[in-house]
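What's in work_26.txt: compact mmCIF, C-alpha atoms
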# COMPACT_ATOMS: atom_id res chain seq x y z
CA MET A 1 -12.35 -23.75 11.88
CA GLU A 2 -11.12 -27.22 10.95
CA ASN A 3 -10.88 -29.97 13.55
CA LYS A 4 -7.30 -30.07 14.94
CA LEU A 5 -7.03 -33.81 14.47
CA LEU A 6 -8.08 -33.56 10.81
CA GLU A 7 -5.69 -30.66 10.22
CA LYS A 8 -2.91 -33.18 10.80
CA LEU A 9 -3.87 -34.78 7.47
CA VAL A 10 -2.86 -31.54 5.77
CA ASP A 11 0.65 -31.32 7.22
CA LYS A 12 0.91 -35.14 7.13
CA SER A 13 1.67 -35.39 10.84
CA ILE A 14 -0.91 -38.18 10.88
CA SER A 15 -1.47 -40.81 8.20
CA LYS A 16 -4.86 -42.05 7.04
CA GLU A 17 -4.03 -45.41 8.60
CA GLN A 18 -3.23 -43.78 11.94
CA LEU A 19 -6.45 -41.77 11.82
CA ALA A 20 -8.44 -44.92 11.10
CA GLY A 21 -6.76 -46.55 14.10
CA LYS A 22 -7.82 -43.67 16.34
CA VAL A 23 -11.41 -44.02 15.17
CA LYS A 24 -11.38 -47.78 15.80
CA ASN A 25 -10.31 -47.03 19.36
CA ASN A 26 -13.00 -44.37 19.76
CA PHE A 27 -15.95 -44.46 17.36
CA ASP A 28 -17.22 -41.25 18.97
CA LEU A 29 -14.83 -39.56 16.52
CA LEU A 30 -16.92 -40.75 13.57
CA PRO A 31 -19.13 -37.66 13.16
CA GLU A 32 -16.01 -35.50 12.79
CA ILE A 33 -14.58 -37.84 10.14
CA VAL A 34 -17.87 -37.88 8.22
CA ASP A 35 -18.03 -34.07 8.38
CA GLY A 36 -14.44 -34.02 7.17
CA MET A 37 -15.59 -35.25 3.77
CA ASN A 38 -17.18 -31.82 3.32
CA SER A 39 -13.95 -29.97 4.10
CA SER A 40 -12.73 -27.26 1.75
CA LYS A 41 -9.27 -28.82 2.03
CA ALA A 42 -8.63 -31.69 -0.36
CA ALA A 43 -6.24 -33.52 2.00
CA ILE A 44 -8.95 -33.60 4.66
CA ARG A 45 -11.97 -34.48 2.54
CA TYR A 46 -10.25 -37.25 0.58
CA GLY A 47 -8.30 -38.44 3.62
CA CYS A 48 -11.52 -38.79 5.61
CA GLY A 49 -13.17 -40.46 2.62
CA LYS A 50 -10.39 -43.06 2.46
CA VAL A 51 -10.62 -43.69 6.21
CA LEU A 52 -14.38 -44.20 5.90
CA MET A 53 -13.97 -46.51 2.91
CA ASP A 54 -11.72 -48.74 5.00
CA LEU A 55 -13.84 -48.54 8.15
CA SER A 56 -17.07 -49.22 6.26
CA GLU A 57 -15.56 -52.45 5.00
CA GLU A 58 -14.40 -53.58 8.44
CA HIS A 59 -17.16 -52.09 10.62
CA PRO A 60 -20.19 -51.38 8.42
CA GLU A 61 -22.57 -51.42 11.37
CA LYS A 62 -20.67 -48.52 12.98
CA ILE A 63 -20.73 -46.39 9.83
CA TYR A 64 -24.30 -47.24 8.78
CA PRO A 65 -25.98 -44.52 10.95
CA HIS A 66 -24.26 -41.95 8.70
CA TRP A 67 -25.76 -43.46 5.51
CA ASP A 68 -27.59 -40.30 4.45
CA SER A 69 -24.36 -38.27 4.43
CA PHE A 70 -22.84 -40.57 1.81
CA VAL A 71 -25.99 -40.56 -0.32
CA GLU A 72 -25.85 -36.76 -0.32
CA LEU A 73 -22.22 -36.87 -1.44
CA LEU A 74 -23.27 -38.74 -4.60
CA ASN A 75 -24.23 -35.25 -5.79
CA SER A 76 -20.83 -33.74 -4.97
CA LYS A 77 -19.00 -31.52 -7.43
CA TYR A 78 -15.88 -33.52 -6.57
CA ARG A 79 -15.70 -36.78 -8.51
CA ILE A 80 -13.33 -38.41 -6.01
CA LEU A 81 -15.91 -37.86 -3.26
CA ILE A 82 -18.56 -39.46 -5.44
CA TRP A 83 -16.32 -42.51 -6.01
CA GLN A 84 -15.49 -42.78 -2.32
CA SER A 85 -19.16 -42.47 -1.35
CA MET A 86 -20.14 -45.13 -3.88
CA ALA A 87 -17.63 -47.53 -2.32
CA ILE A 88 -18.78 -46.72 1.22
CA ILE A 89 -22.44 -47.25 0.32
CA ALA A 90 -21.63 -50.61 -1.29
CA ASN A 91 -19.78 -51.64 1.88
CA LEU A 92 -22.69 -50.53 4.05
CA THR A 93 -25.21 -52.73 2.25
CA LYS A 94 -24.02 -55.54 4.56
CA ALA A 95 -25.48 -53.59 7.48
CA ASP A 96 -28.52 -52.22 5.64
CA LYS A 97 -31.27 -53.75 7.77
CA GLU A 98 -33.60 -50.88 6.88
CA ASN A 99 -33.28 -51.52 3.13
CA LYS A 100 -32.17 -47.97 2.47
CA PHE A 101 -30.22 -49.05 -0.59
CA GLU A 102 -33.42 -50.04 -2.35
CA THR A 103 -34.64 -46.44 -2.08
CA ILE A 104 -31.51 -45.15 -3.85
CA PHE A 105 -31.10 -48.07 -6.27
CA ASP A 106 -32.08 -46.02 -9.33
CA LYS A 107 -29.82 -43.14 -8.28
CA TYR A 108 -26.85 -45.45 -7.73
CA TYR A 109 -27.23 -47.44 -10.92
CA GLY A 110 -28.18 -44.30 -12.83
CA LEU A 111 -24.48 -43.45 -12.56
CA ILE A 112 -23.88 -46.02 -15.30
CA ASP A 113 -24.95 -43.19 -17.61
CA ASN A 114 -22.25 -40.89 -16.20
CA ASP A 115 -19.86 -39.04 -18.51
CA TYR A 116 -16.76 -40.32 -16.73
CA MET A 117 -15.30 -43.79 -17.17
CA VAL A 118 -14.12 -44.13 -13.56
CA THR A 119 -17.60 -43.38 -12.22
CA VAL A 120 -19.17 -46.05 -14.42
CA ALA A 121 -16.40 -48.52 -13.59
CA ASN A 122 -16.99 -47.94 -9.88
CA VAL A 123 -20.68 -48.83 -10.20
CA ILE A 124 -19.69 -52.08 -11.90
CA GLY A 125 -16.86 -52.86 -9.49
CA ASN A 126 -19.01 -52.26 -6.41
CA SER A 127 -21.85 -54.44 -7.68
CA ARG A 128 -20.34 -57.68 -6.39
CA LYS A 129 -20.50 -56.42 -2.80
CA ILE A 130 -24.09 -55.32 -3.24
CA VAL A 131 -25.09 -58.67 -4.77
CA LEU A 132 -23.47 -60.57 -1.91
CA ALA A 133 -25.22 -58.39 0.67
CA LYS A 134 -28.57 -58.34 -1.11
CA PRO A 135 -28.84 -61.43 -3.34
CA TYR A 136 -32.52 -60.74 -4.02
CA LEU A 137 -31.40 -57.72 -6.09
CA LEU A 138 -29.24 -59.92 -8.33
CA GLN A 139 -31.49 -59.91 -11.39
CA ARG A 140 -32.14 -56.21 -11.15
CA ILE A 141 -28.44 -55.44 -10.79
CA THR A 142 -27.58 -57.76 -13.70
CA ASN A 143 -30.03 -55.92 -15.93
CA GLU A 144 -28.45 -52.59 -15.01
CA MET A 145 -24.93 -53.85 -15.64
CA LEU A 146 -25.87 -55.07 -19.10
CA LYS A 147 -26.68 -51.45 -19.99
CA VAL A 148 -22.96 -50.69 -20.31
CA GLU A 149 -23.29 -51.69 -23.96
CA ASN A 150 -25.50 -48.67 -24.53
CA ILE A 151 -23.54 -45.98 -22.70
CA SER A 152 -22.78 -42.90 -24.77
CA ILE A 153 -19.33 -41.81 -25.89
CA THR A 154 -18.30 -38.48 -24.32
CA PRO A 155 -15.11 -36.40 -24.22
CA HIS A 156 -14.28 -38.26 -20.98
CA LEU A 157 -15.49 -41.68 -22.09
CA THR A 158 -14.02 -42.88 -25.37
CA GLU A 159 -14.62 -46.12 -27.25
CA GLU A 160 -11.53 -47.52 -25.53
CA CYS A 161 -12.90 -46.43 -22.15
CA LYS A 162 -16.09 -48.27 -22.99
CA ARG A 163 -14.08 -51.42 -23.71
CA VAL A 164 -12.41 -51.06 -20.29
CA ILE A 165 -15.85 -50.82 -18.67
CA VAL A 166 -17.07 -53.92 -20.51
CA GLU A 167 -13.96 -55.77 -19.35
CA LYS A 168 -14.73 -54.82 -15.73
CA THR A 169 -18.34 -55.86 -16.23
CA ILE A 170 -17.28 -59.34 -17.35
CA GLN A 171 -14.95 -59.57 -14.34
CA SER A 172 -17.84 -58.69 -12.03
CA PHE A 173 -20.21 -61.16 -13.68
CA ASP A 174 -17.55 -63.85 -13.21
CA MET A 175 -17.75 -63.32 -9.45
CA PHE A 176 -21.45 -64.16 -9.20
CA PHE A 177 -22.32 -65.86 -12.49
CA ASP A 178 -23.23 -69.09 -10.70
CA LYS A 179 -26.05 -67.23 -8.94
CA ILE A 180 -27.53 -65.67 -12.10
CA GLU A 181 -30.69 -67.29 -13.47
CA GLN A 182 -30.67 -65.88 -17.00
CA LYS A 183 -27.18 -67.07 -17.85
CA ASP A 184 -27.82 -66.98 -21.61
CA LYS A 185 -28.08 -63.20 -21.49
CA ILE A 186 -24.66 -62.89 -19.93
CA ILE A 187 -23.09 -65.44 -22.30
CA SER A 188 -24.47 -63.48 -25.28
CA PHE A 189 -23.08 -60.25 -23.84
CA VAL A 190 -19.62 -61.78 -23.37
CA GLU A 191 -19.55 -63.47 -26.79
CA LYS A 192 -19.71 -60.07 -28.51
CA HIS A 193 -16.23 -59.27 -27.20
CA VAL A 194 -14.22 -62.41 -27.97
CA ASN A 195 -12.53 -60.60 -30.88
CA SER A 196 -12.18 -57.20 -29.21
CA SER A 197 -9.39 -54.90 -30.35
CA ARG A 198 -8.52 -54.52 -26.66
CA LYS A 199 -6.40 -57.55 -25.78
CA ALA A 200 -7.32 -57.52 -22.08
CA LEU A 201 -11.03 -57.50 -22.93
CA LYS A 202 -10.60 -60.19 -25.56
CA ASP A 203 -8.75 -62.40 -23.04
CA GLU A 204 -11.31 -61.72 -20.32
CA ALA A 205 -14.19 -62.67 -22.63
CA ASN A 206 -12.54 -65.85 -23.85
CA ASN A 207 -11.50 -66.96 -20.37
CA PHE A 208 -15.02 -66.31 -19.09
CA LEU A 209 -16.53 -68.48 -21.82
CA LYS A 210 -14.04 -71.27 -21.24
CA LYS A 211 -14.97 -71.25 -17.58
CA TRP A 212 -18.75 -70.90 -17.82
CA ASN A 213 -20.01 -71.81 -21.28
If you convert what's in this file into structure tokens, what do you get?
Amino acid sequence: MENKLLEKLVDKSISKEQLAGKVKNNFDLLPEIVDGMNSSKAAIRYGCGKVLMDLSEEHPEKIYPHWDSFVELLNSKYRILIWQSMAIIANLTKADKENKFETIFDKYYGLIDNDYMVTVANVIGNSRKIVLAKPYLLQRITNEMLKVENISITPHLTEECKRVIVEKTIQSFDMFFDKIEQKDKIISFVEKHVNSSRKALKDEANNFLKKWN
């Protein structure tokens, strides 16, 4: 039997924003929202996931006790849940006083080898938040991000998809390049794409080099 409040997501008698507002007023509702991500109904599981993405950004310390639930969802059969959980975990690193992220580092960054472009792009896009929360992981994260050059082409990840991922990687590096020690490695990575057939990637690479090289 679904929670009556969450059922309102199905008939749209409550919006995700309204649900988030209710939780902010009463964080005792959190366990129900977290459980909602396991609902058999798409409107509930993705609606709750979106609410938790937003709340984890604003109130990471409130969501942090549910960390293990989001780690478990990295194994979900639903890709959207995986993407939402990745974003939530990245947001929660700000509140990660127990260094739980370090124990799942390999699992999280292992998703760079995923068959789907959006999954890989989410790892890259979330890295900035993780670096800001845990600057001592910067070098390790940088090394993982550089692996995008070696990802395999799959039916869901074409050469063009790979170029999109590289573009996002350069954008992420731009956000914390000043903190990176081995800058030459990043410059070399970017230089390979200054003549890319993808205009957006080509522009990104050239603008990066103008700014940092």
**Request:** Tell me which of A:Lys162, A:Lys147, A:Lys199, A:Lys183 sits closest to Ala121 in chain A, counting all atoms listed in the file.
**Result:**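 When distances to Ala121 in chain A are compared using all atoms listed in the file, the smallest one comes from A:Lys162.
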**Asked** Contacts of Asn126 in chain A at 9 Å or less, counting all atoms listed in the file, minus same-chain residues fewer than 6 places along, as number ranges by chain?
**Response** A: 86-87, 90-91, 172
Include C-alpha atoms and write out the residues we just selected as a compact mmCIF listing (two decimals), keeping the file's coordinate frame.
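Written out: result.txt:
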# COMPACT_ATOMS: atom_id res chain seq x y z
CA MET A 86 -20.14 -45.13 -3.88
CA ALA A 87 -17.63 -47.53 -2.32
CA ALA A 90 -21.63 -50.61 -1.29
CA ASN A 91 -19.78 -51.64 1.88
CA SER A 172 -17.84 -58.69 -12.03
**Asked** Which one of A:Asp28, A:Asp115, A:Glu7, A:Glu191 sits closest to Lys210 in chain A if you count only C-alpha atoms?
**Response**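 Comparing A:Asp28, A:Asp115, A:Glu7, A:Glu191 against Lys210 in chain A, the winner is A:Glu191.
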**Contact residues around Phe189 in chain A with only C-alpha atoms at 12 Å, ignoring same-chain residues under 2 positions, as an MDAnalysis selection string** = chainID A and resid 142:143 145:150 166:167 169:170 173 182:187 191:194 205:206 208:209
Taking C-alpha atoms for each residue, export the selection above as a PDB file, in the coordinates of the input.
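Everything below was put into again.pdb:
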ATOM      1  CA  THR A 142     -27.580 -57.760 -13.700  1.00  0.00           C
ATOM      2  CA  ASN A 143     -30.030 -55.920 -15.930  1.00  0.00           C
ATOM      3  CA  MET A 145     -24.930 -53.850 -15.640  1.00  0.00           C
ATOM      4  CA  LEU A 146     -25.870 -55.070 -19.100  1.00  0.00           C
ATOM      5  CA  LYS A 147     -26.680 -51.450 -19.990  1.00  0.00           C
ATOM      6  CA  VAL A 148     -22.960 -50.690 -20.310  1.00  0.00           C
ATOM      7  CA  GLU A 149     -23.290 -51.690 -23.960  1.00  0.00           C
ATOM      8  CA  ASN A 150     -25.500 -48.670 -24.530  1.00  0.00           C
ATOM      9  CA  VAL A 166     -17.070 -53.920 -20.510  1.00  0.00           C
ATOM     10  CA  GLU A 167     -13.960 -55.770 -19.350  1.00  0.00           C
ATOM     11  CA  THR A 169     -18.340 -55.860 -16.230  1.00  0.00           C
ATOM     12  CA  ILE A 170     -17.280 -59.340 -17.350  1.00  0.00           C
ATOM     13  CA  PHE A 173     -20.210 -61.160 -13.680  1.00  0.00           C
ATOM     14  CA  GLN A 182     -30.670 -65.880 -17.000  1.00  0.00           C
ATOM     15  CA  LYS A 183     -27.180 -67.070 -17.850  1.00  0.00           C
ATOM     16  CA  ASP A 184     -27.820 -66.980 -21.610  1.00  0.00           C
ATOM     17  CA  LYS A 185     -28.080 -63.200 -21.490  1.00  0.00           C
ATOM     18  CA  ILE A 186     -24.660 -62.890 -19.930  1.00  0.00           C
ATOM     19  CA  ILE A 187     -23.090 -65.440 -22.300  1.00  0.00           C
ATOM     20  CA  GLU A 191     -19.550 -63.470 -26.790  1.00  0.00           C
ATOM     21  CA  LYS A 192     -19.710 -60.070 -28.510  1.00  0.00           C
ATOM     22  CA  HIS A 193     -16.230 -59.270 -27.200  1.00  0.00           C
ATOM     23  CA  VAL A 194     -14.220 -62.410 -27.970  1.00  0.00           C
ATOM     24  CA  ALA A 205     -14.190 -62.670 -22.630  1.00  0.00           C
ATOM     25  CA  ASN A 206     -12.540 -65.850 -23.850  1.00  0.00           C
ATOM     26  CA  PHE A 208     -15.020 -66.310 -19.090  1.00  0.00           C
ATOM     27  CA  LEU A 209     -16.530 -68.480 -21.820  1.00  0.00           C
TER      28      LEU A 209
END
**Residue nearest Thr119 in chain A - candidates A:Gln18, A:Asn213, A:Ser13, A:Ile165, atoms counted: all atoms listed in the file** =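 The shortest atom-to-atom distance to Thr119 in chain A comes from A:Ile165.
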**Asked** With all atoms listed in the file as the basis for distance, which of A:Met37, A:Leu92, A:Leu29, A:Val164 is at the shortest distance from Asn122 in chain A?
**Response**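 Ranking A:Met37, A:Leu92, A:Leu29, A:Val164 by distance to Asn122 in chain A, first place goes to A:Val164.
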**Prompt:** Mind pulling up the distance from CA of Phe101 in chain A to CA of Trp67 in chain A?
**Reply:**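 Separation of CA of Trp67 in chain A and CA of Phe101 in chain A: 9.4 Å.
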**Prompt:** Residues around (-10.8, -31.2, 2.2), cut-off 12 Å, counting all atoms listed in the file - what are they as a VMD selection string?
**Reply:** chain A and resid 2 to 3 6 to 10 33 to 50 78 80 to 81
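With only C-alpha atoms as the atoms that count, the residue of A:Asn75, A:Ser69, A:Gln84, A:Gln139 with the shortest distance to Leu111 in chain A is A:Asn75.
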Identify, on the basis of only C-alpha atoms, every residue whose closest approach to Glu57 in chain A does not exceed 12 Å; exclude the query and any residue fewer than 3 positions from it along the same chain; express the result as an mmCIF file with C-alpha atoms, keeping the file's coordinate frame.
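Done, and the output landed in result-v8.cif:
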data_model
loop_
_atom_site.group_PDB
_atom_site.id
_atom_site.type_symbol
_atom_site.label_atom_id
_atom_site.label_comp_id
_atom_site.auth_asym_id
_atom_site.auth_seq_id
_atom_site.Cartn_x
_atom_site.Cartn_y
_atom_site.Cartn_z
ATOM 1 C CA LYS A 50 -10.390 -43.060 2.460
ATOM 2 C CA VAL A 51 -10.620 -43.690 6.210
ATOM 3 C CA LEU A 52 -14.380 -44.200 5.900
ATOM 4 C CA MET A 53 -13.970 -46.510 2.910
ATOM 5 C CA ASP A 54 -11.720 -48.740 5.000
ATOM 6 C CA PRO A 60 -20.190 -51.380 8.420
ATOM 7 C CA GLU A 61 -22.570 -51.420 11.370
ATOM 8 C CA LYS A 62 -20.670 -48.520 12.980
ATOM 9 C CA ILE A 63 -20.730 -46.390 9.830
ATOM 10 C CA TYR A 64 -24.300 -47.240 8.780
ATOM 11 C CA ALA A 87 -17.630 -47.530 -2.320
ATOM 12 C CA ILE A 88 -18.780 -46.720 1.220
ATOM 13 C CA ILE A 89 -22.440 -47.250 0.320
ATOM 14 C CA ALA A 90 -21.630 -50.610 -1.290
ATOM 15 C CA ASN A 91 -19.780 -51.640 1.880
ATOM 16 C CA LEU A 92 -22.690 -50.530 4.050
ATOM 17 C CA THR A 93 -25.210 -52.730 2.250
ATOM 18 C CA LYS A 94 -24.020 -55.540 4.560
ATOM 19 C CA ALA A 95 -25.480 -53.590 7.480
ATOM 20 C CA ASN A 126 -19.010 -52.260 -6.410
ATOM 21 C CA LYS A 129 -20.500 -56.420 -2.800
#
**Request:** Could you please give me, as an MDAnalysis selection string, the residues of protein, DNA or RNA lying at most 8 Å from (-16.4, -49.7, 15.8) in the coordinate frame of the file, considering only C-alpha atoms?
**Result:** chainID A and resid 23:27 59 61:62
**Fill in**
Using all atoms listed in the file, the residue out of A:Arg79, A:Lys134, A:His66, A:Arg140 with shortest distance to Lys97 in chain A is A:Lys134
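The list of residues with at least one atom within 12 Å of Tyr136 in chain A, based on only C-alpha atoms and without residues fewer than 5 positions apart in the same chain, reads Asn99, Glu102, Ile130, Val131, Ile141, Thr142, Lys179, Ile180 and Glu181 of chain A.
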**Message:** Can you measure CA of Ala200 in chain A to CA of Leu137 in chain A for me? One decimal in Å is fine.
**Reply:** 28.9 Å
**Request:** Work out how far apart CA of Val123 in chain A and CA of Val71 in chain A are and give it in Å to one decimal.
**Result:**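 Going from CA of Val123 in chain A over to CA of Val71 in chain A covers 13.9 Å.
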